file final-v6.txt (compact mmCIF, C-alpha atoms)
# COMPACT_ATOMS: atom_id res chain seq x y z
CA MET A 268 70.00 186.85 147.71
CA ASP A 269 70.38 185.65 144.15
CA PRO A 270 67.29 183.51 143.50
CA HIS A 271 69.25 181.46 140.98
CA ASP A 272 72.20 180.64 143.22
CA SER A 273 72.39 176.85 142.89
CA GLY A 274 76.02 176.43 143.91
CA ALA A 275 77.28 173.43 145.83
CA HIS A 276 77.88 175.63 148.88
CA LEU A 277 74.11 176.08 149.24
CA SER A 278 73.44 172.39 148.55
CA SER A 279 75.84 171.39 151.31
CA LEU A 280 74.03 173.62 153.83
CA PHE A 281 70.59 172.17 153.20
CA ASP A 282 69.54 169.27 155.43
CA ARG A 283 68.09 166.77 152.97
CA ARG A 284 66.94 164.54 155.83
CA ALA A 285 64.59 167.01 157.50
CA ILE A 286 61.35 168.71 156.51
CA PRO A 287 62.08 172.48 156.36
CA ALA A 288 60.59 174.32 159.32
CA GLU A 289 58.62 176.64 157.05
CA ALA A 290 57.04 173.76 155.08
CA LEU A 291 53.63 172.33 155.95
CA GLU A 292 52.78 168.67 155.41
CA SER A 293 49.09 167.87 155.05
CA GLU A 294 46.63 165.84 152.97
CA TRP A 295 44.38 166.60 150.04
CA SER A 296 41.09 164.77 149.71
CA ALA A 297 40.24 163.56 146.22
CA ARG A 298 36.64 163.47 145.03
CA ASP A 299 36.21 159.85 146.13
CA GLY A 300 37.65 160.56 149.57
CA GLN A 301 41.14 159.18 148.88
CA ARG A 302 43.68 161.02 151.03
CA VAL A 303 46.78 162.18 149.17
CA ARG A 304 49.87 163.64 150.83
CA ARG A 305 51.07 167.13 149.98
CA ILE A 306 53.66 169.60 151.21
CA ASP A 307 53.50 173.39 150.82
CA TRP A 308 55.52 176.42 151.66
CA ALA A 309 55.28 180.07 150.74
CA GLY A 310 57.83 181.58 148.41
CA ALA A 311 60.54 183.78 149.80
CA VAL A 312 60.12 187.49 149.21
CA LEU A 313 62.62 188.63 146.60
CA SER A 314 64.84 191.68 146.93
CA GLY A 315 62.37 193.75 144.90
CA GLY A 316 59.56 192.86 147.27
CA GLY A 317 57.70 190.46 144.96
CA ARG A 318 57.28 186.74 144.48
CA ARG A 319 57.57 184.59 141.37
CA GLY A 320 54.28 182.68 141.34
CA SER A 321 53.43 179.09 142.24
CA LEU A 322 55.11 175.81 141.30
CA LEU A 323 53.59 172.33 141.59
CA PHE A 324 55.94 169.32 141.61
CA LEU A 325 54.90 165.72 140.86
CA PRO A 326 57.34 162.83 141.51
CA GLY A 327 57.76 159.54 139.66
CA ARG A 328 56.76 155.92 140.19
CA ALA A 329 57.58 154.64 143.68
CA ASP A 330 58.76 158.16 144.46
CA PHE A 331 58.01 160.53 147.31
CA TYR A 332 58.44 164.25 147.74
CA GLU A 333 61.03 163.89 150.51
CA LYS A 334 63.58 162.92 147.84
CA TYR A 335 63.22 166.34 146.21
CA LEU A 336 63.16 168.63 149.25
CA GLU A 337 66.50 170.12 148.21
CA SER A 338 65.19 171.28 144.84
CA LEU A 339 61.81 172.33 146.23
CA ASP A 340 63.55 174.44 148.87
CA ARG A 341 65.73 176.04 146.21
CA TRP A 342 62.70 177.02 144.13
CA GLN A 343 61.04 178.36 147.28
CA ARG A 344 64.09 180.48 148.02
CA GLY A 345 63.88 181.75 144.47
CA GLY A 346 60.45 183.22 145.18
CA TRP A 347 58.13 180.40 144.11
CA ARG A 348 55.24 179.32 146.31
CA VAL A 349 55.91 175.56 146.20
CA THR A 350 53.61 172.56 146.45
CA ALA A 351 54.52 168.90 145.95
CA LEU A 352 51.91 166.17 145.73
CA ASP A 353 52.32 162.42 145.99
CA TRP A 354 50.30 160.21 143.66
CA ARG A 355 47.50 158.19 145.23
CA TRP A 356 48.55 154.61 146.07
CA GLN A 357 52.18 155.66 146.50
CA ALA A 358 54.34 156.78 149.41
CA GLY A 359 52.07 157.85 152.29
CA SER A 360 48.93 157.99 150.12
CA GLY A 361 47.75 154.40 150.54
CA ARG A 362 47.98 151.40 148.22
CA PHE A 363 45.76 150.11 145.43
CA GLY A 364 45.78 146.53 146.72
CA ALA A 365 46.53 144.60 149.86
CA ASP A 366 50.25 144.19 149.05
CA ARG A 367 51.91 147.36 150.33
CA ARG A 368 55.06 146.51 148.36
CA ALA A 369 53.29 146.40 145.00
CA GLY A 370 53.11 149.49 142.79
CA ASP A 371 49.65 149.07 141.31
CA VAL A 372 46.97 151.17 139.60
CA ASP A 373 43.59 150.62 138.00
CA ASP A 374 44.26 153.02 135.14
CA PHE A 375 46.50 156.03 134.55
CA ALA A 376 43.28 157.98 133.90
CA THR A 377 42.67 157.91 137.67
CA TRP A 378 45.88 159.85 138.21
CA ILE A 379 44.98 162.31 135.45
CA ALA A 380 41.61 162.90 137.13
CA ASP A 381 43.34 163.48 140.49
CA LEU A 382 45.78 165.93 138.96
CA GLY A 383 43.04 167.85 137.18
CA ALA A 384 40.90 168.08 140.31
CA PHE A 385 43.83 169.16 142.48
CA TRP A 386 44.97 171.69 139.89
CA ARG A 387 41.57 173.40 139.76
CA GLU A 388 41.57 173.80 143.55
CA TRP A 389 45.23 174.79 143.78
CA ILE A 390 45.23 177.61 141.23
CA VAL A 391 42.46 179.51 143.01
CA THR A 392 44.31 179.46 146.34
CA THR A 393 47.82 180.31 145.12
CA PRO A 394 49.34 183.28 143.26
CA GLY A 395 50.12 183.12 139.54
CA PRO A 396 51.78 182.50 137.27
CA HIS A 397 51.28 178.75 137.82
CA VAL A 398 53.87 176.28 136.53
CA ILE A 399 54.23 172.53 136.89
CA VAL A 400 57.24 170.20 137.12
CA GLY A 401 57.01 166.42 136.76
CA HIS A 402 59.65 163.71 137.04
CA SER A 403 59.62 160.34 135.21
CA MET A 404 56.11 158.86 135.55
CA GLY A 405 55.11 162.24 136.92
CA GLY A 406 56.46 163.84 133.75
CA HIS A 407 54.42 161.43 131.64
CA LEU A 408 51.26 162.20 133.59
CA VAL A 409 51.85 165.96 133.41
CA LEU A 410 52.28 165.75 129.64
CA ARG A 411 49.18 163.60 129.22
CA ALA A 412 47.20 166.01 131.40
CA LEU A 413 48.37 168.85 129.15
CA ALA A 414 47.39 166.93 126.03
CA GLU A 415 43.95 166.24 127.47
CA HIS A 416 43.60 169.85 128.73
CA ALA A 417 43.08 168.66 132.30
CA ILE A 418 45.48 171.38 133.47
CA GLU A 419 46.50 174.71 131.97
CA PRO A 420 49.79 175.96 133.43
CA VAL A 421 51.75 178.85 132.00
CA ALA A 422 54.67 176.46 131.50
CA ALA A 423 55.74 172.89 132.26
CA VAL A 424 59.08 171.23 132.99
CA LEU A 425 59.53 167.49 132.53
CA SER A 426 62.51 165.69 134.09
CA ALA A 427 63.31 162.37 132.40
CA PRO A 428 59.66 161.89 131.38
CA MET A 429 58.49 158.30 131.01
CA LEU A 430 57.46 158.47 127.35
CA GLY A 431 58.90 155.04 126.58
CA PHE A 432 60.72 152.24 128.36
CA HIS A 433 64.37 151.25 128.02
CA THR A 434 63.54 147.71 126.87
CA PRO A 435 64.15 145.46 123.84
CA ILE A 436 60.38 145.07 123.34
CA PRO A 437 59.27 147.45 120.54
CA ASP A 438 56.89 150.25 121.52
CA GLY A 439 54.06 148.90 119.39
CA LEU A 440 54.18 145.46 121.04
CA GLN A 441 54.36 146.61 124.65
CA PRO A 442 50.58 146.93 125.26
CA ALA A 443 49.99 143.44 123.82
CA PHE A 444 52.82 142.00 125.88
CA GLY A 445 51.44 143.60 129.03
CA GLN A 446 47.98 142.27 128.21
CA LEU A 447 49.37 138.77 127.74
CA MET A 448 51.17 138.86 131.09
CA CYS A 449 47.96 139.98 132.79
CA LEU A 450 46.03 137.09 131.17
CA ILE A 451 48.44 134.30 132.08
CA GLY A 452 48.59 135.24 135.76
CA SER A 453 47.23 137.67 138.30
CA PRO A 454 47.53 141.29 137.06
CA ALA A 455 48.34 142.20 140.67
CA ARG A 456 51.51 140.08 140.82
CA LEU A 457 54.86 141.85 140.73
CA ALA A 458 56.32 142.25 137.25
CA TRP A 459 59.77 141.63 138.72
CA GLN A 460 61.16 141.17 142.20
CA ASP A 461 63.68 143.91 142.89
CA SER A 462 65.01 147.30 141.88
CA GLU A 463 63.65 149.55 139.13
CA LYS A 464 63.67 147.27 136.09
CA PRO A 465 63.83 143.55 135.18
CA GLY A 466 67.27 142.06 135.59
CA SER A 467 68.68 144.80 137.78
CA THR A 468 69.65 144.18 141.39
CA PRO A 469 69.20 146.21 144.56
CA GLU A 470 72.97 146.67 144.58
CA GLY A 471 72.92 148.11 141.05
CA ARG A 472 69.89 150.35 141.66
CA ALA A 473 71.95 153.41 142.58
CA ALA A 474 73.72 153.42 139.21
CA LEU A 475 70.35 153.57 137.45
CA LEU A 476 69.33 156.68 139.36
CA THR A 477 72.24 158.98 140.20
CA HIS A 478 76.02 159.31 140.35
CA ASP A 479 75.72 161.04 143.75
CA ALA A 480 76.13 158.44 146.50
CA ALA A 481 75.14 160.84 149.28
CA ARG A 482 71.87 161.82 147.62
CA TYR A 483 71.09 158.17 146.93
CA ALA A 484 71.70 157.39 150.61
CA ASP A 485 69.19 160.11 151.54
CA GLU A 486 66.45 158.12 149.83
CA GLN A 487 67.32 155.00 151.81
CA TRP A 488 67.31 157.06 155.02
CA TRP A 489 63.81 158.34 154.35
CA ARG A 490 62.55 154.83 153.58
CA GLU A 491 63.94 153.57 156.87
CA ASN A 492 62.67 156.48 158.93
CA ARG A 493 59.28 156.75 157.22
CA PRO A 494 58.51 153.11 156.33
CA GLN A 495 55.17 154.09 154.79
CA LEU A 496 57.12 155.62 151.88
CA ASP A 497 58.59 152.32 150.76
CA LEU A 498 57.17 150.86 147.54
CA GLY A 499 58.55 148.00 145.50
CA PRO A 500 58.35 147.02 141.82
CA PRO A 501 55.21 147.56 139.73
CA THR A 502 52.57 144.96 139.03
CA TRP A 503 51.86 143.63 135.56
CA ARG A 504 48.69 145.72 135.60
CA TRP A 505 50.81 148.86 136.07
CA VAL A 506 53.08 147.76 133.20
CA LEU A 507 50.04 147.27 130.95
CA ARG A 508 48.45 150.60 131.89
CA ALA A 509 51.76 152.41 131.42
CA ALA A 510 52.22 150.89 127.96
CA GLN A 511 48.66 151.80 127.03
CA SER A 512 49.12 155.36 128.25
CA ASN A 513 52.34 155.70 126.25
CA ALA A 514 50.47 154.43 123.21
CA LEU A 515 47.86 157.15 123.70
CA MET A 516 50.61 159.76 123.73
CA ARG A 517 52.08 158.42 120.50
CA ARG A 518 48.80 158.95 118.62
CA GLN A 519 48.89 161.73 116.06
CA GLY A 520 47.36 164.87 117.51
CA ALA A 521 47.99 164.08 121.18
CA LEU A 522 51.23 165.94 121.76
CA GLU A 523 50.37 168.43 119.06
CA ALA A 524 47.47 169.56 121.28
CA VAL A 525 49.76 170.68 124.12
CA LYS A 526 49.53 174.46 124.30
CA PRO A 527 51.99 175.72 126.97
CA PRO A 528 55.78 175.89 126.56
CA VAL A 529 57.38 172.65 127.72
CA LEU A 530 61.01 172.11 128.71
CA VAL A 531 62.31 168.55 128.82
CA VAL A 532 65.56 167.73 130.61
CA ALA A 533 66.77 164.20 129.96
CA ALA A 534 69.80 161.92 129.93
CA LYS A 535 70.66 160.10 126.72
CA ALA A 536 72.21 157.33 128.81
CA ASP A 537 69.09 156.84 130.94
CA GLN A 538 68.59 153.11 131.55
CA LEU A 539 64.96 153.40 132.72
CA VAL A 540 63.14 155.66 130.30
CA ALA A 541 63.90 155.66 126.59
CA TRP A 542 65.78 158.68 125.26
CA SER A 543 64.62 157.72 121.76
CA ALA A 544 60.97 158.21 122.80
CA ILE A 545 61.77 161.62 124.27
CA ALA A 546 63.67 162.65 121.15
CA ARG A 547 60.66 161.71 119.00
CA ALA A 548 58.14 163.43 121.27
CA VAL A 549 59.66 166.86 121.82
CA PRO A 550 59.53 168.01 118.15
CA ARG A 551 55.80 167.25 118.15
CA LEU A 552 55.16 169.77 120.93
CA PRO A 553 54.17 173.18 119.54
CA GLN A 554 56.42 174.90 122.09
CA GLY A 555 58.73 172.08 123.13
CA GLU A 556 62.45 172.27 123.84
CA VAL A 557 64.93 169.82 125.27
CA VAL A 558 68.20 170.00 127.21
CA SER A 559 70.03 166.68 127.10
CA PHE A 560 72.95 165.18 128.99
CA GLY A 561 75.35 162.36 128.22
CA PRO A 562 76.80 159.53 130.32
CA GLU A 563 77.53 161.95 133.16
CA ALA A 564 73.81 161.85 134.03
CA ALA A 565 71.47 159.06 135.10
CA HIS A 566 67.70 159.03 135.55
CA GLU A 567 67.23 161.34 138.54
CA LEU A 568 68.59 164.59 137.14
CA LEU A 569 67.37 166.67 140.08
CA ARG A 570 69.33 164.37 142.42
CA GLU A 571 72.48 164.05 140.34
CA ALA A 572 75.97 165.12 141.38
CA ASP A 573 76.32 168.90 141.56
CA PRO A 574 78.13 169.41 138.21
CA VAL A 575 75.08 167.96 136.42
CA ARG A 576 72.39 169.07 138.83
CA ASN A 577 73.51 172.70 138.72
CA LYS A 578 73.25 172.69 134.92
CA VAL A 579 69.78 171.14 135.11
CA LEU A 580 68.59 173.77 137.56
CA ALA A 581 70.16 176.57 135.52
CA ALA A 582 68.33 175.35 132.41
CA ILE A 583 65.04 175.29 134.32
CA ASP A 584 65.69 178.77 135.71
CA GLU A 585 66.39 180.19 132.27
CA PHE A 586 63.28 178.58 130.83
CA LEU A 587 60.94 179.77 133.59
CA ASP A 588 62.43 183.28 133.56
CA ARG A 589 61.68 183.43 129.85
CA VAL A 590 58.21 181.87 129.63
CA ALA A 591 56.76 182.46 133.12
CA PRO A 592 58.10 185.79 134.39
CA PRO A 593 56.48 187.34 137.49
CA GLY A 594 53.06 188.72 136.76
CA LYS A 595 52.34 186.56 133.71
CA ALA A 596 48.91 185.08 134.40
call {"tool": "encode", "arguments": {"input": "final-v6.txt", "output": "C-alpha cells"}}
result
Amino acid sequence: MDPHDSGAHLSSLFDRRAIPAEALESEWSARDGQRVRRIDWAGAVLSGGGRRGSLLFLPGRADFYEKYLESLDRWQRGGWRVTALDWRWQAGSGRFGADRRAGDVDDFATWIADLGAFWREWIVTTPGPHVIVGHSMGGHLVLRALAEHAIEPVAAVLSAPMLGFHTPIPDGLQPAFGQLMCLIGSPARLAWQDSEKPGSTPEGRAALLTHDAARYADEQWWRENRPQLDLGPPTWRWVLRAAQSNALMRRQGALEAVKPPVLVVAAKADQLVAWSAIARAVPRLPQGEVVSFGPEAAHELLREADPVRNKVLAAIDEFLDRVAPPGKA
C-alpha cells in the first residue's frame, strides 16, 4: 500500500459517517477533572515493517473530530499512530456555561494549559516522532502553545489558522471592541445568532466552509445523530479572548520563538480567518512555510472537494516526510 495514496477512489470507499472499527473513543481527564473527548488508533504497519510516529490533531471552534475522520484514517493508513482531541467546552466535552448552544471560554490560556498537560502525557505513551496538526482555532492554539513552549513537537501543520478575523474592524481595535461589547451587556450572550460569522445565514454557511456538498452534509448528519456535538455561535467573551490571544501572537518575539518547522496551508479567499494575518505571520516563523490556494478553496481545506483536498494532503505528506521522517525523535 502506498501510504500517500490520497486519490478520490480511496475517499469514496471510506465511510465518513461511522467511527472506524479500529479506532477507540474515550476521555482524557484534565488536571481539574474536566473530561475531554479523544479518539485514538494505532498506525498501520508499513510495507517495510515500521511505523511513522504519532500525530495529534486539534479541531477548530465549534468543531468535533468526527468531521475529520476521513483525514485521520488516511494518516493512520500511512503509518501514523493517530489521536484527535476535542477542546474542553466543545462537542462532547461539556460547556462553559448553562447555554449549551453558546461557544464560551474563560480564557484561551485554559486551552493552552490543557494542550500542554495532554501533550506531556501523550508523548510518553506513543512512539515518536511526534507531530501536531491544528485547524482554524486549533491552529491558533497550536501556534500559541509552540510560542509559549507548552509543547515541543518535531513539526506542526496548521490548516487555515485563526491568526486574524475576516472583518472590517482593524486588528489593533478588536480587543477594545470586544471589551466594549462585554461591558455593555452580558459577556455570555451570543455575539451573533447564526452561522459562523456576523451577517451570514445558515443557508450560506456551507459556502464559507467547503465546496464539497457531500462532506458538508456529513457534518450535519453527525450533529443530528450525536446532538451533544452541536455548538452555536461564540459569546462576546470568546470574541474578546480570541482578539486578545491574537494580539499576543502579534507581539514581537512571540512567533520568532517558535522552534519546530511549521507548515501552513490556507485559502486566500477564506471568509472566516484573515489571509492577510497568515501572510504576515509565516515569515516571522524561523522555520515557517506556507502553501496557499485561491478561490477554489474555502475555510475547511481538509474537507474540501477532492481536487483541492488531495493537493492539501500531498503538501502535508511532503512536509512531514522531509521534517519528521521515521525515527527522528
call {"tool": "residues_near_point", "arguments": {"input": "final-v6.txt", "point": "(55.2, 144.9, 140.6)", "cutoff": "8 Å", "atoms": "only C-alpha atoms", "output": "list in words"}}
result
Arg368, Ala369, Gly370, Asp371, Ala455, Arg456, Leu457, Ala458, Trp459, Gln460, Gly499, Pro500, Pro501, Thr502, Trp503 and Trp505 of chain A
call {"tool": "atom_distance", "arguments": {"input": "final-v6.txt", "atom1": "atom CA of Ala524 of chain A", "atom2": "atom CA of Arg387 of chain A"}}
result
19.8 Å
call {"tool": "closest_residue", "arguments": {"input": "final-v6.txt", "among": "A:Arg517, A:Arg298, A:Arg319, A:Arg570", "to": "Ala480 of chain A", "atoms": "all atoms listed in the file"}}
result
A:Arg570
call {"tool": "closest_residue", "arguments": {"input": "final-v6.txt", "among": "A:Val424, A:Val409, A:Gly300, A:Ala414", "to": "Asp584 of chain A", "atoms": "only C-alpha atoms"}}
result
A:Val424
call {"tool": "closest_residue", "arguments": {"input": "final-v6.txt", "among": "A:Gln554, A:Ser543, A:Gln301, A:Asn513", "to": "Arg411 of chain A", "atoms": "all atoms listed in the file"}}
result
A:Asn513
call {"tool": "closest_residue", "arguments": {"input": "final-v6.txt", "among": "A:Pro562, A:Pro420, A:Pro553, A:Gly452", "to": "His478 of chain A", "atoms": "only C-alpha atoms"}}
result
A:Pro562
call {"tool": "residues_near_point", "arguments": {"input": "final-v6.txt", "point": "(60.4, 172.4, 158.9)", "cutoff": "12 Å", "atoms": "all atoms listed in the file", "output": "JSON, numbers by chain"}}
result
{"A": [281, 282, 283, 284, 285, 286, 287, 288, 289, 290, 291, 292, 306, 307, 308, 333, 336, 340]}
call {"tool": "closest_residue", "arguments": {"input": "final-v6.txt", "among": "A:Ser559, A:Thr350, A:Thr434, A:Gln538", "to": "Tyr332 of chain A", "atoms": "only C-alpha atoms"}}
result
A:Thr350
call {"tool": "closest_residue", "arguments": {"input": "final-v6.txt", "among": "A:Val400, A:Ala376, A:Val529, A:Ala510", "to": "Tyr335 of chain A", "atoms": "all atoms listed in the file"}}
result
A:Val400
call {"tool": "axis_aligned_box", "arguments": {"input": "final-v6.txt", "around": "segment 561-576 of chain A", "padding_each_side": "5 Å", "output": "AutoDock Vina command-line options"}}
result
--center_x 72.7 --center_y 164.2 --center_z 135.3 --size_x 20.9 --size_y 20.4 --size_z 24.2
call {"tool": "build_atoms", "arguments": {"input": "final-v6.txt", "residues": "segment 394-406 of chain A", "atoms": "N, CA, C and O atoms", "output": "PDB file, in the coordinates of the input"}}
result
ATOM      1  N   PRO A 394      49.100 182.193 144.209  1.00  0.00           N
ATOM      2  CA  PRO A 394      49.340 183.280 143.260  1.00  0.00           C
ATOM      3  C   PRO A 394      49.919 182.791 141.941  1.00  0.00           C
ATOM      4  O   PRO A 394      50.659 181.811 141.900  1.00  0.00           O
ATOM      5  N   GLY A 395      49.559 183.442 140.846  1.00  0.00           N
ATOM      6  CA  GLY A 395      50.120 183.120 139.540  1.00  0.00           C
ATOM      7  C   GLY A 395      51.405 183.889 139.292  1.00  0.00           C
ATOM      8  O   GLY A 395      51.777 184.778 140.057  1.00  0.00           O
ATOM      9  N   PRO A 396      52.110 183.549 138.223  1.00  0.00           N
ATOM     10  CA  PRO A 396      51.780 182.500 137.270  1.00  0.00           C
ATOM     11  C   PRO A 396      51.969 181.098 137.858  1.00  0.00           C
ATOM     12  O   PRO A 396      52.768 180.903 138.765  1.00  0.00           O
ATOM     13  N   HIS A 397      51.221 180.124 137.329  1.00  0.00           N
ATOM     14  CA  HIS A 397      51.280 178.750 137.820  1.00  0.00           C
ATOM     15  C   HIS A 397      52.052 177.878 136.832  1.00  0.00           C
ATOM     16  O   HIS A 397      51.725 177.847 135.647  1.00  0.00           O
ATOM     17  N   VAL A 398      53.069 177.180 137.356  1.00  0.00           N
ATOM     18  CA  VAL A 398      53.870 176.280 136.530  1.00  0.00           C
ATOM     19  C   VAL A 398      53.879 174.912 137.181  1.00  0.00           C
ATOM     20  O   VAL A 398      53.558 174.756 138.361  1.00  0.00           O
ATOM     21  N   ILE A 399      54.250 173.906 136.401  1.00  0.00           N
ATOM     22  CA  ILE A 399      54.230 172.530 136.890  1.00  0.00           C
ATOM     23  C   ILE A 399      55.508 171.822 136.468  1.00  0.00           C
ATOM     24  O   ILE A 399      56.029 172.052 135.372  1.00  0.00           O
ATOM     25  N   VAL A 400      56.020 170.978 137.363  1.00  0.00           N
ATOM     26  CA  VAL A 400      57.240 170.200 137.120  1.00  0.00           C
ATOM     27  C   VAL A 400      56.924 168.743 137.436  1.00  0.00           C
ATOM     28  O   VAL A 400      56.380 168.434 138.505  1.00  0.00           O
ATOM     29  N   GLY A 401      57.246 167.833 136.525  1.00  0.00           N
ATOM     30  CA  GLY A 401      57.010 166.420 136.760  1.00  0.00           C
ATOM     31  C   GLY A 401      58.238 165.594 136.436  1.00  0.00           C
ATOM     32  O   GLY A 401      58.935 165.862 135.456  1.00  0.00           O
ATOM     33  N   HIS A 402      58.497 164.587 137.263  1.00  0.00           N
ATOM     34  CA  HIS A 402      59.650 163.710 137.040  1.00  0.00           C
ATOM     35  C   HIS A 402      59.203 162.312 136.656  1.00  0.00           C
ATOM     36  O   HIS A 402      58.292 161.738 137.277  1.00  0.00           O
ATOM     37  N   SER A 403      59.803 161.734 135.614  1.00  0.00           N
ATOM     38  CA  SER A 403      59.620 160.340 135.210  1.00  0.00           C
ATOM     39  C   SER A 403      58.155 160.028 134.958  1.00  0.00           C
ATOM     40  O   SER A 403      57.538 160.613 134.075  1.00  0.00           O
ATOM     41  N   MET A 404      57.540 159.108 135.729  1.00  0.00           N
ATOM     42  CA  MET A 404      56.110 158.860 135.550  1.00  0.00           C
ATOM     43  C   MET A 404      55.318 160.132 135.767  1.00  0.00           C
ATOM     44  O   MET A 404      54.306 160.379 135.092  1.00  0.00           O
ATOM     45  N   GLY A 405      55.766 160.956 136.712  1.00  0.00           N
ATOM     46  CA  GLY A 405      55.110 162.240 136.920  1.00  0.00           C
ATOM     47  C   GLY A 405      55.195 163.130 135.701  1.00  0.00           C
ATOM     48  O   GLY A 405      54.247 163.850 135.375  1.00  0.00           O
ATOM     49  N   GLY A 406      56.323 163.080 134.988  1.00  0.00           N
ATOM     50  CA  GLY A 406      56.460 163.840 133.750  1.00  0.00           C
ATOM     51  C   GLY A 406      55.511 163.339 132.681  1.00  0.00           C
ATOM     52  O   GLY A 406      54.917 164.127 131.933  1.00  0.00           O
TER      53      GLY A 406
END
